[in-house]
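This is data.txt. It holds compact mmCIF, N, CA and C atoms.
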```
# COMPACT_ATOMS: atom_id res chain seq x y z
N HIS A 1 -41.89 139.02 -67.26
CA HIS A 1 -41.74 137.91 -68.18
C HIS A 1 -42.95 137.82 -69.10
N ASN A 2 -42.68 137.46 -70.30
CA ASN A 2 -43.79 137.17 -71.18
C ASN A 2 -44.09 135.67 -71.11
N GLY A 3 -45.11 135.24 -71.79
CA GLY A 3 -45.54 133.84 -71.74
C GLY A 3 -44.45 132.87 -72.15
N GLU A 4 -43.68 133.24 -73.15
CA GLU A 4 -42.61 132.35 -73.64
C GLU A 4 -41.50 132.21 -72.59
N ASP A 5 -41.15 133.30 -71.93
CA ASP A 5 -40.13 133.24 -70.87
C ASP A 5 -40.58 132.34 -69.72
N MET A 6 -41.87 132.44 -69.38
CA MET A 6 -42.40 131.63 -68.27
C MET A 6 -42.37 130.15 -68.63
N LYS A 7 -42.67 129.82 -69.88
CA LYS A 7 -42.61 128.42 -70.33
C LYS A 7 -41.18 127.91 -70.25
N GLU A 8 -40.25 128.75 -70.66
CA GLU A 8 -38.83 128.35 -70.62
C GLU A 8 -38.37 128.18 -69.18
N ASP A 9 -38.79 129.08 -68.29
CA ASP A 9 -38.43 128.96 -66.87
C ASP A 9 -38.97 127.66 -66.28
N LYS A 10 -40.22 127.32 -66.58
CA LYS A 10 -40.82 126.08 -66.08
C LYS A 10 -40.08 124.87 -66.64
N PHE A 11 -39.75 124.93 -67.92
CA PHE A 11 -39.02 123.82 -68.54
C PHE A 11 -37.66 123.65 -67.89
N LEU A 12 -36.94 124.73 -67.68
CA LEU A 12 -35.61 124.64 -67.07
C LEU A 12 -35.69 124.14 -65.63
N LYS A 13 -36.67 124.59 -64.87
CA LYS A 13 -36.84 124.10 -63.50
C LYS A 13 -37.14 122.61 -63.49
N ALA A 14 -37.98 122.17 -64.40
CA ALA A 14 -38.32 120.74 -64.48
C ALA A 14 -37.09 119.93 -64.89
N LEU A 15 -36.31 120.46 -65.82
CA LEU A 15 -35.10 119.78 -66.27
C LEU A 15 -34.07 119.67 -65.14
N VAL A 16 -33.89 120.74 -64.39
CA VAL A 16 -32.96 120.73 -63.26
C VAL A 16 -33.43 119.72 -62.22
N GLU A 17 -34.71 119.70 -61.92
CA GLU A 17 -35.25 118.75 -60.94
C GLU A 17 -35.04 117.31 -61.41
N GLU A 18 -35.29 117.05 -62.67
CA GLU A 18 -35.09 115.71 -63.22
C GLU A 18 -33.62 115.30 -63.13
N CYS A 19 -32.73 116.21 -63.44
CA CYS A 19 -31.29 115.93 -63.34
C CYS A 19 -30.89 115.67 -61.89
N ASN A 20 -31.41 116.48 -60.97
CA ASN A 20 -31.11 116.29 -59.56
C ASN A 20 -31.55 114.91 -59.08
N GLN A 21 -32.74 114.49 -59.48
CA GLN A 21 -33.24 113.17 -59.08
C GLN A 21 -32.39 112.05 -59.67
N LYS A 22 -31.97 112.21 -60.90
CA LYS A 22 -31.12 111.20 -61.56
C LYS A 22 -29.78 111.09 -60.84
N ILE A 23 -29.17 112.22 -60.55
CA ILE A 23 -27.89 112.23 -59.85
C ILE A 23 -28.03 111.62 -58.46
N LYS A 24 -29.09 111.99 -57.76
CA LYS A 24 -29.33 111.44 -56.43
C LYS A 24 -29.45 109.92 -56.50
N GLY A 25 -30.18 109.42 -57.46
CA GLY A 25 -30.34 107.98 -57.64
C GLY A 25 -29.02 107.28 -57.91
N GLU A 26 -28.20 107.89 -58.75
CA GLU A 26 -26.90 107.31 -59.08
C GLU A 26 -25.97 107.28 -57.86
N VAL A 27 -25.96 108.36 -57.10
CA VAL A 27 -25.12 108.43 -55.90
C VAL A 27 -25.58 107.39 -54.88
N GLU A 28 -26.88 107.29 -54.67
CA GLU A 28 -27.40 106.30 -53.74
C GLU A 28 -27.06 104.88 -54.18
N ALA A 29 -27.10 104.62 -55.47
CA ALA A 29 -26.76 103.30 -56.00
C ALA A 29 -25.29 102.96 -55.74
N VAL A 30 -24.41 103.94 -55.91
CA VAL A 30 -22.98 103.72 -55.65
C VAL A 30 -22.75 103.43 -54.17
N ILE A 31 -23.38 104.21 -53.31
CA ILE A 31 -23.22 104.01 -51.87
C ILE A 31 -23.73 102.62 -51.48
N THR A 32 -24.90 102.26 -51.96
CA THR A 32 -25.47 100.95 -51.66
C THR A 32 -24.55 99.83 -52.15
N HIS A 33 -24.03 99.99 -53.35
CA HIS A 33 -23.12 98.98 -53.91
C HIS A 33 -21.89 98.81 -53.02
N CYS A 34 -21.30 99.91 -52.59
CA CYS A 34 -20.12 99.83 -51.72
C CYS A 34 -20.47 99.20 -50.38
N GLN A 35 -21.64 99.51 -49.86
CA GLN A 35 -22.07 98.92 -48.60
C GLN A 35 -22.23 97.41 -48.73
N LYS A 36 -22.93 96.98 -49.76
CA LYS A 36 -23.27 95.57 -49.91
C LYS A 36 -22.10 94.73 -50.43
N GLN A 37 -21.44 95.21 -51.46
CA GLN A 37 -20.38 94.41 -52.10
C GLN A 37 -19.10 94.43 -51.29
N TYR A 38 -18.69 95.60 -50.83
CA TYR A 38 -17.38 95.72 -50.19
C TYR A 38 -17.46 95.85 -48.67
N LYS A 39 -18.66 96.11 -48.15
CA LYS A 39 -18.85 96.31 -46.71
C LYS A 39 -17.81 97.27 -46.14
N SER A 40 -17.63 98.34 -46.90
CA SER A 40 -16.60 99.31 -46.55
C SER A 40 -17.16 100.72 -46.56
N ASP A 41 -16.80 101.47 -45.55
CA ASP A 41 -17.23 102.86 -45.41
C ASP A 41 -16.21 103.77 -46.10
N ILE A 42 -16.10 103.61 -47.42
CA ILE A 42 -15.09 104.37 -48.16
C ILE A 42 -15.39 105.86 -48.23
N PHE A 43 -16.62 106.23 -47.91
CA PHE A 43 -17.00 107.64 -47.96
C PHE A 43 -16.80 108.36 -46.63
N GLY A 44 -16.47 107.60 -45.59
CA GLY A 44 -16.20 108.21 -44.29
C GLY A 44 -17.43 108.64 -43.51
N PHE A 45 -18.55 107.94 -43.71
CA PHE A 45 -19.76 108.28 -42.96
C PHE A 45 -19.54 108.15 -41.46
N SER A 46 -18.71 107.19 -41.06
CA SER A 46 -18.45 107.01 -39.63
C SER A 46 -17.76 108.24 -39.04
N SER A 47 -16.86 108.83 -39.79
CA SER A 47 -16.18 110.05 -39.31
C SER A 47 -17.16 111.21 -39.15
N ILE A 48 -18.05 111.33 -40.11
CA ILE A 48 -19.06 112.40 -40.05
C ILE A 48 -19.99 112.17 -38.87
N LEU A 49 -20.42 110.92 -38.71
CA LEU A 49 -21.30 110.59 -37.59
C LEU A 49 -20.60 110.85 -36.26
N HIS A 50 -19.33 110.50 -36.19
CA HIS A 50 -18.55 110.72 -34.96
C HIS A 50 -18.48 112.21 -34.61
N LYS A 51 -18.32 113.05 -35.63
CA LYS A 51 -18.22 114.50 -35.40
C LYS A 51 -19.58 115.14 -35.11
N LYS A 52 -20.61 114.73 -35.86
CA LYS A 52 -21.92 115.38 -35.77
C LYS A 52 -22.80 114.84 -34.64
N ALA A 53 -22.61 113.56 -34.29
CA ALA A 53 -23.46 112.93 -33.26
C ALA A 53 -22.61 112.01 -32.39
N PRO A 54 -21.67 112.58 -31.64
CA PRO A 54 -20.73 111.74 -30.88
C PRO A 54 -21.40 110.82 -29.86
N GLN A 55 -22.47 111.23 -29.25
CA GLN A 55 -23.14 110.35 -28.28
C GLN A 55 -23.72 109.13 -28.99
N TYR A 56 -24.37 109.34 -30.11
CA TYR A 56 -24.91 108.21 -30.87
C TYR A 56 -23.76 107.34 -31.38
N TRP A 57 -22.71 107.97 -31.87
CA TRP A 57 -21.57 107.22 -32.38
C TRP A 57 -21.03 106.26 -31.32
N ASN A 58 -20.95 106.73 -30.09
CA ASN A 58 -20.44 105.87 -29.01
C ASN A 58 -21.30 104.63 -28.81
N THR A 59 -22.57 104.69 -29.16
CA THR A 59 -23.43 103.53 -28.99
C THR A 59 -23.34 102.55 -30.16
N VAL A 60 -22.86 103.00 -31.33
CA VAL A 60 -22.82 102.12 -32.51
C VAL A 60 -21.42 101.77 -32.98
N LYS A 61 -20.41 102.44 -32.48
CA LYS A 61 -19.07 102.29 -33.05
C LYS A 61 -18.53 100.86 -33.00
N GLU A 62 -18.84 100.12 -31.97
CA GLU A 62 -18.33 98.75 -31.86
C GLU A 62 -18.87 97.84 -32.96
N ASN A 63 -20.07 98.12 -33.42
CA ASN A 63 -20.71 97.26 -34.43
C ASN A 63 -20.95 97.98 -35.75
N TRP A 64 -20.28 99.10 -35.96
CA TRP A 64 -20.50 99.90 -37.16
C TRP A 64 -20.32 99.11 -38.43
N ASN A 65 -19.19 98.43 -38.59
CA ASN A 65 -18.92 97.71 -39.84
C ASN A 65 -19.73 96.43 -39.96
N LYS A 66 -20.13 95.86 -38.85
CA LYS A 66 -20.85 94.60 -38.90
C LYS A 66 -22.37 94.79 -39.04
N ASP A 67 -22.92 95.68 -38.24
CA ASP A 67 -24.38 95.80 -38.16
C ASP A 67 -24.96 97.08 -38.75
N TYR A 68 -24.31 98.18 -38.54
CA TYR A 68 -24.93 99.46 -38.89
C TYR A 68 -24.64 99.92 -40.31
N PHE A 69 -23.40 99.95 -40.70
CA PHE A 69 -23.10 100.47 -42.03
C PHE A 69 -23.65 99.60 -43.15
N PRO A 70 -23.41 98.29 -43.12
CA PRO A 70 -23.94 97.47 -44.24
C PRO A 70 -25.46 97.51 -44.28
```
I'd like the structure from this file rewritten - as structure tokens, please.
Amino acid sequence: HNGEDMKEDKFLKALVEECNQKIKGEVEAVITHCQKQYKSDIFGFSSILHKKAPQYWNTVKENWNKDYFP
């Protein structure tokens, strides 16, 4: 790479990182909004938790919608 290519590579990496952070922030805001406003697990986090950590799920499932998800 010459100097100009390296500058472009750094710029593109920084741009991708900035976009990733923006998208992450937007996704987190949507999830938080659904949690707070609708108190609904529309994304199915409980299903994922049940599959990935069944022992933990068994300890929280009774109060998932009331205490844990919101």
Env of A:Asn58: 8 Å cut, atoms = only N, CA and C atoms, seq-sep filter 5 positions within chain, self excluded. Answer as a VMD selection string.
chain A and resid 49 to 50 53
Considering only C-alpha atoms, return as a list in words whatever protein or nucleic-acid residues lie within 12 Å of A:Lys66, sequence-local ones (same chain, fewer than 6 positions apart) excluded.
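That gives Gln35, Lys36, Tyr38, Lys39, Ser40, Asp41 and Val60 of chain A.
Relative to atom N of A:Trp64, atom C of A:Ile42 is found at 14.8 Å.
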Adding 5 Å on each side of the box along x, y and z that holds all listed atoms of stretch 57-69 of chain A, could you give its centre and edge lengths in Å to one decimal, as lines of an AutoDock Vina configuration file?
```
center_x = -21.6
center_y = 101.3
center_z = -36.0
size_x = 16.6
size_y = 23.4
size_z = 24.3
```
Helix (DSSP H, G or I) positions in chain A, given as a JSON list (two decimals) with N, CA and C atoms, in the coordinates of the input:
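After the write, out.json holds the following:
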```json
[["chain", "number", "residue", "atom", "x", "y", "z"],
["A", 3, "GLY", "N", -45.11, 135.24, -71.79],
["A", 3, "GLY", "CA", -45.54, 133.84, -71.74],
["A", 3, "GLY", "C", -44.45, 132.87, -72.15],
["A", 4, "GLU", "N", -43.68, 133.24, -73.15],
["A", 4, "GLU", "CA", -42.61, 132.35, -73.64],
["A", 4, "GLU", "C", -41.50, 132.21, -72.59],
["A", 5, "ASP", "N", -41.15, 133.30, -71.93],
["A", 5, "ASP", "CA", -40.13, 133.24, -70.87],
["A", 5, "ASP", "C", -40.58, 132.34, -69.72],
["A", 6, "MET", "N", -41.87, 132.44, -69.38],
["A", 6, "MET", "CA", -42.40, 131.63, -68.27],
["A", 6, "MET", "C", -42.37, 130.15, -68.63],
["A", 7, "LYS", "N", -42.67, 129.82, -69.88],
["A", 7, "LYS", "CA", -42.61, 128.42, -70.33],
["A", 7, "LYS", "C", -41.18, 127.91, -70.25],
["A", 8, "GLU", "N", -40.25, 128.75, -70.66],
["A", 8, "GLU", "CA", -38.83, 128.35, -70.62],
["A", 8, "GLU", "C", -38.37, 128.18, -69.18],
["A", 9, "ASP", "N", -38.79, 129.08, -68.29],
["A", 9, "ASP", "CA", -38.43, 128.96, -66.87],
["A", 9, "ASP", "C", -38.97, 127.66, -66.28],
["A", 10, "LYS", "N", -40.22, 127.32, -66.58],
["A", 10, "LYS", "CA", -40.82, 126.08, -66.08],
["A", 10, "LYS", "C", -40.08, 124.87, -66.64],
["A", 11, "PHE", "N", -39.75, 124.93, -67.92],
["A", 11, "PHE", "CA", -39.02, 123.82, -68.54],
["A", 11, "PHE", "C", -37.66, 123.65, -67.89],
["A", 12, "LEU", "N", -36.94, 124.73, -67.68],
["A", 12, "LEU", "CA", -35.61, 124.64, -67.07],
["A", 12, "LEU", "C", -35.69, 124.14, -65.63],
["A", 13, "LYS", "N", -36.67, 124.59, -64.87],
["A", 13, "LYS", "CA", -36.84, 124.10, -63.50],
["A", 13, "LYS", "C", -37.14, 122.61, -63.49],
["A", 14, "ALA", "N", -37.98, 122.17, -64.40],
["A", 14, "ALA", "CA", -38.32, 120.74, -64.48],
["A", 14, "ALA", "C", -37.09, 119.93, -64.89],
["A", 15, "LEU", "N", -36.31, 120.46, -65.82],
["A", 15, "LEU", "CA", -35.10, 119.78, -66.27],
["A", 15, "LEU", "C", -34.07, 119.67, -65.14],
["A", 16, "VAL", "N", -33.89, 120.74, -64.39],
["A", 16, "VAL", "CA", -32.96, 120.73, -63.26],
["A", 16, "VAL", "C", -33.43, 119.72, -62.22],
["A", 17, "GLU", "N", -34.71, 119.70, -61.92],
["A", 17, "GLU", "CA", -35.25, 118.75, -60.94],
["A", 17, "GLU", "C", -35.04, 117.31, -61.41],
["A", 18, "GLU", "N", -35.29, 117.05, -62.67],
["A", 18, "GLU", "CA", -35.09, 115.71, -63.22],
["A", 18, "GLU", "C", -33.62, 115.30, -63.13],
["A", 19, "CYS", "N", -32.73, 116.21, -63.44],
["A", 19, "CYS", "CA", -31.29, 115.93, -63.34],
["A", 19, "CYS", "C", -30.89, 115.67, -61.89],
["A", 20, "ASN", "N", -31.41, 116.48, -60.97],
["A", 20, "ASN", "CA", -31.11, 116.29, -59.56],
["A", 20, "ASN", "C", -31.55, 114.91, -59.08],
["A", 21, "GLN", "N", -32.74, 114.49, -59.48],
["A", 21, "GLN", "CA", -33.24, 113.17, -59.08],
["A", 21, "GLN", "C", -32.39, 112.05, -59.67],
["A", 22, "LYS", "N", -31.97, 112.21, -60.90],
["A", 22, "LYS", "CA", -31.12, 111.20, -61.56],
["A", 22, "LYS", "C", -29.78, 111.09, -60.84],
["A", 23, "ILE", "N", -29.17, 112.22, -60.55],
["A", 23, "ILE", "CA", -27.89, 112.23, -59.85],
["A", 23, "ILE", "C", -28.03, 111.62, -58.46],
["A", 24, "LYS", "N", -29.09, 111.99, -57.76],
["A", 24, "LYS", "CA", -29.33, 111.44, -56.43],
["A", 24, "LYS", "C", -29.45, 109.92, -56.50],
["A", 25, "GLY", "N", -30.18, 109.42, -57.46],
["A", 25, "GLY", "CA", -30.34, 107.98, -57.64],
["A", 25, "GLY", "C", -29.02, 107.28, -57.91],
["A", 26, "GLU", "N", -28.20, 107.89, -58.75],
["A", 26, "GLU", "CA", -26.90, 107.31, -59.08],
["A", 26, "GLU", "C", -25.97, 107.28, -57.86],
["A", 27, "VAL", "N", -25.96, 108.36, -57.10],
["A", 27, "VAL", "CA", -25.12, 108.43, -55.90],
["A", 27, "VAL", "C", -25.58, 107.39, -54.88],
["A", 28, "GLU", "N", -26.88, 107.29, -54.67],
["A", 28, "GLU", "CA", -27.40, 106.30, -53.74],
["A", 28, "GLU", "C", -27.06, 104.88, -54.18],
["A", 29, "ALA", "N", -27.10, 104.62, -55.47],
["A", 29, "ALA", "CA", -26.76, 103.30, -56.00],
["A", 29, "ALA", "C", -25.29, 102.96, -55.74],
["A", 30, "VAL", "N", -24.41, 103.94, -55.91],
["A", 30, "VAL", "CA", -22.98, 103.72, -55.65],
["A", 30, "VAL", "C", -22.75, 103.43, -54.17],
["A", 31, "ILE", "N", -23.38, 104.21, -53.31],
["A", 31, "ILE", "CA", -23.22, 104.01, -51.87],
["A", 31, "ILE", "C", -23.73, 102.62, -51.48],
["A", 32, "THR", "N", -24.90, 102.26, -51.96],
["A", 32, "THR", "CA", -25.47, 100.95, -51.66],
["A", 32, "THR", "C", -24.55, 99.83, -52.15],
["A", 33, "HIS", "N", -24.03, 99.99, -53.35],
["A", 33, "HIS", "CA", -23.12, 98.98, -53.91],
["A", 33, "HIS", "C", -21.89, 98.81, -53.02],
["A", 34, "CYS", "N", -21.30, 99.91, -52.59],
["A", 34, "CYS", "CA", -20.12, 99.83, -51.72],
["A", 34, "CYS", "C", -20.47, 99.20, -50.38],
["A", 35, "GLN", "N", -21.64, 99.51, -49.86],
["A", 35, "GLN", "CA", -22.07, 98.92, -48.60],
["A", 35, "GLN", "C", -22.23, 97.41, -48.73],
["A", 36, "LYS", "N", -22.93, 96.98, -49.76],
["A", 36, "LYS", "CA", -23.27, 95.57, -49.91],
["A", 36, "LYS", "C", -22.10, 94.73, -50.43],
["A", 37, "GLN", "N", -21.44, 95.21, -51.46],
["A", 37, "GLN", "CA", -20.38, 94.41, -52.10],
["A", 37, "GLN", "C", -19.10, 94.43, -51.29],
["A", 38, "TYR", "N", -18.69, 95.60, -50.83],
["A", 38, "TYR", "CA", -17.38, 95.72, -50.19],
["A", 38, "TYR", "C", -17.46, 95.85, -48.67],
["A", 45, "PHE", "N", -18.55, 107.94, -43.71],
["A", 45, "PHE", "CA", -19.76, 108.28, -42.96],
["A", 45, "PHE", "C", -19.54, 108.15, -41.46],
["A", 46, "SER", "N", -18.71, 107.19, -41.06],
["A", 46, "SER", "CA", -18.45, 107.01, -39.63],
["A", 46, "SER", "C", -17.76, 108.24, -39.04],
["A", 47, "SER", "N", -16.86, 108.83, -39.79],
["A", 47, "SER", "CA", -16.18, 110.05, -39.31],
["A", 47, "SER", "C", -17.16, 111.21, -39.15],
["A", 48, "ILE", "N", -18.05, 111.33, -40.11],
["A", 48, "ILE", "CA", -19.06, 112.40, -40.05],
["A", 48, "ILE", "C", -19.99, 112.17, -38.87],
["A", 49, "LEU", "N", -20.42, 110.92, -38.71],
["A", 49, "LEU", "CA", -21.30, 110.59, -37.59],
["A", 49, "LEU", "C", -20.60, 110.85, -36.26],
["A", 50, "HIS", "N", -19.33, 110.50, -36.19],
["A", 50, "HIS", "CA", -18.55, 110.72, -34.96],
["A", 50, "HIS", "C", -18.48, 112.21, -34.61],
["A", 51, "LYS", "N", -18.32, 113.05, -35.63],
["A", 51, "LYS", "CA", -18.22, 114.50, -35.40],
["A", 51, "LYS", "C", -19.58, 115.14, -35.11],
["A", 52, "LYS", "N", -20.61, 114.73, -35.86],
["A", 52, "LYS", "CA", -21.92, 115.38, -35.77],
["A", 52, "LYS", "C", -22.80, 114.84, -34.64],
["A", 54, "PRO", "N", -21.67, 112.58, -31.64],
["A", 54, "PRO", "CA", -20.73, 111.74, -30.88],
["A", 54, "PRO", "C", -21.40, 110.82, -29.86],
["A", 55, "GLN", "N", -22.47, 111.23, -29.25],
["A", 55, "GLN", "CA", -23.14, 110.35, -28.28],
["A", 55, "GLN", "C", -23.72, 109.13, -28.99],
["A", 56, "TYR", "N", -24.37, 109.34, -30.11],
["A", 56, "TYR", "CA", -24.91, 108.21, -30.87],
["A", 56, "TYR", "C", -23.76, 107.34, -31.38],
["A", 57, "TRP", "N", -22.71, 107.97, -31.87],
["A", 57, "TRP", "CA", -21.57, 107.22, -32.38],
["A", 57, "TRP", "C", -21.03, 106.26, -31.32],
["A", 58, "ASN", "N", -20.95, 106.73, -30.09],
["A", 58, "ASN", "CA", -20.44, 105.87, -29.01],
["A", 58, "ASN", "C", -21.30, 104.63, -28.81],
["A", 59, "THR", "N", -22.57, 104.69, -29.16],
["A", 59, "THR", "CA", -23.43, 103.53, -28.99],
["A", 59, "THR", "C", -23.34, 102.55, -30.16],
["A", 60, "VAL", "N", -22.86, 103.00, -31.33],
["A", 60, "VAL", "CA", -22.82, 102.12, -32.51],
["A", 60, "VAL", "C", -21.42, 101.77, -32.98],
["A", 61, "LYS", "N", -20.41, 102.44, -32.48],
["A", 61, "LYS", "CA", -19.07, 102.29, -33.05],
["A", 61, "LYS", "C", -18.53, 100.86, -33.00],
["A", 62, "GLU", "N", -18.84, 100.12, -31.97],
["A", 62, "GLU", "CA", -18.33, 98.75, -31.86],
["A", 62, "GLU", "C", -18.87, 97.84, -32.96],
["A", 63, "ASN", "N", -20.07, 98.12, -33.42],
["A", 63, "ASN", "CA", -20.71, 97.26, -34.43],
["A", 63, "ASN", "C", -20.95, 97.98, -35.75],
["A", 64, "TRP", "N", -20.28, 99.10, -35.96],
["A", 64, "TRP", "CA", -20.50, 99.90, -37.16],
["A", 64, "TRP", "C", -20.32, 99.11, -38.43],
["A", 65, "ASN", "N", -19.19, 98.43, -38.59],
["A", 65, "ASN", "CA", -18.92, 97.71, -39.84],
["A", 65, "ASN", "C", -19.73, 96.43, -39.96],
["A", 66, "LYS", "N", -20.13, 95.86, -38.85],
["A", 66, "LYS", "CA", -20.85, 94.60, -38.90],
["A", 66, "LYS", "C", -22.37, 94.79, -39.04],
["A", 67, "ASP", "N", -22.92, 95.68, -38.24],
["A", 67, "ASP", "CA", -24.38, 95.80, -38.16],
["A", 67, "ASP", "C", -24.96, 97.08, -38.75],
["A", 68, "TYR", "N", -24.31, 98.18, -38.54],
["A", 68, "TYR", "CA", -24.93, 99.46, -38.89],
["A", 68, "TYR", "C", -24.64, 99.92, -40.31]]
```
Measure the distance from atom CA of A:Asp9 to atom CA of A:Gln21 in Å and round it to one decimal.
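Distance reported for this atom pair: 18.4 Å.
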Measuring between only C-alpha atoms, which one of A:Leu15, A:Ile31, A:Pro70, A:Asn65 shows the shortest distance to A:Phe43?
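Of A:Leu15, A:Ile31, A:Pro70, A:Asn65, the one nearest A:Phe43 is A:Ile31, counting only C-alpha atoms.
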To one decimal place, how far is atom CA of A:Phe11 from atom CA of A:Glu26 in Å?
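If I compute the distance from atom CA of A:Phe11 to atom CA of A:Glu26, I get 22.6 Å.
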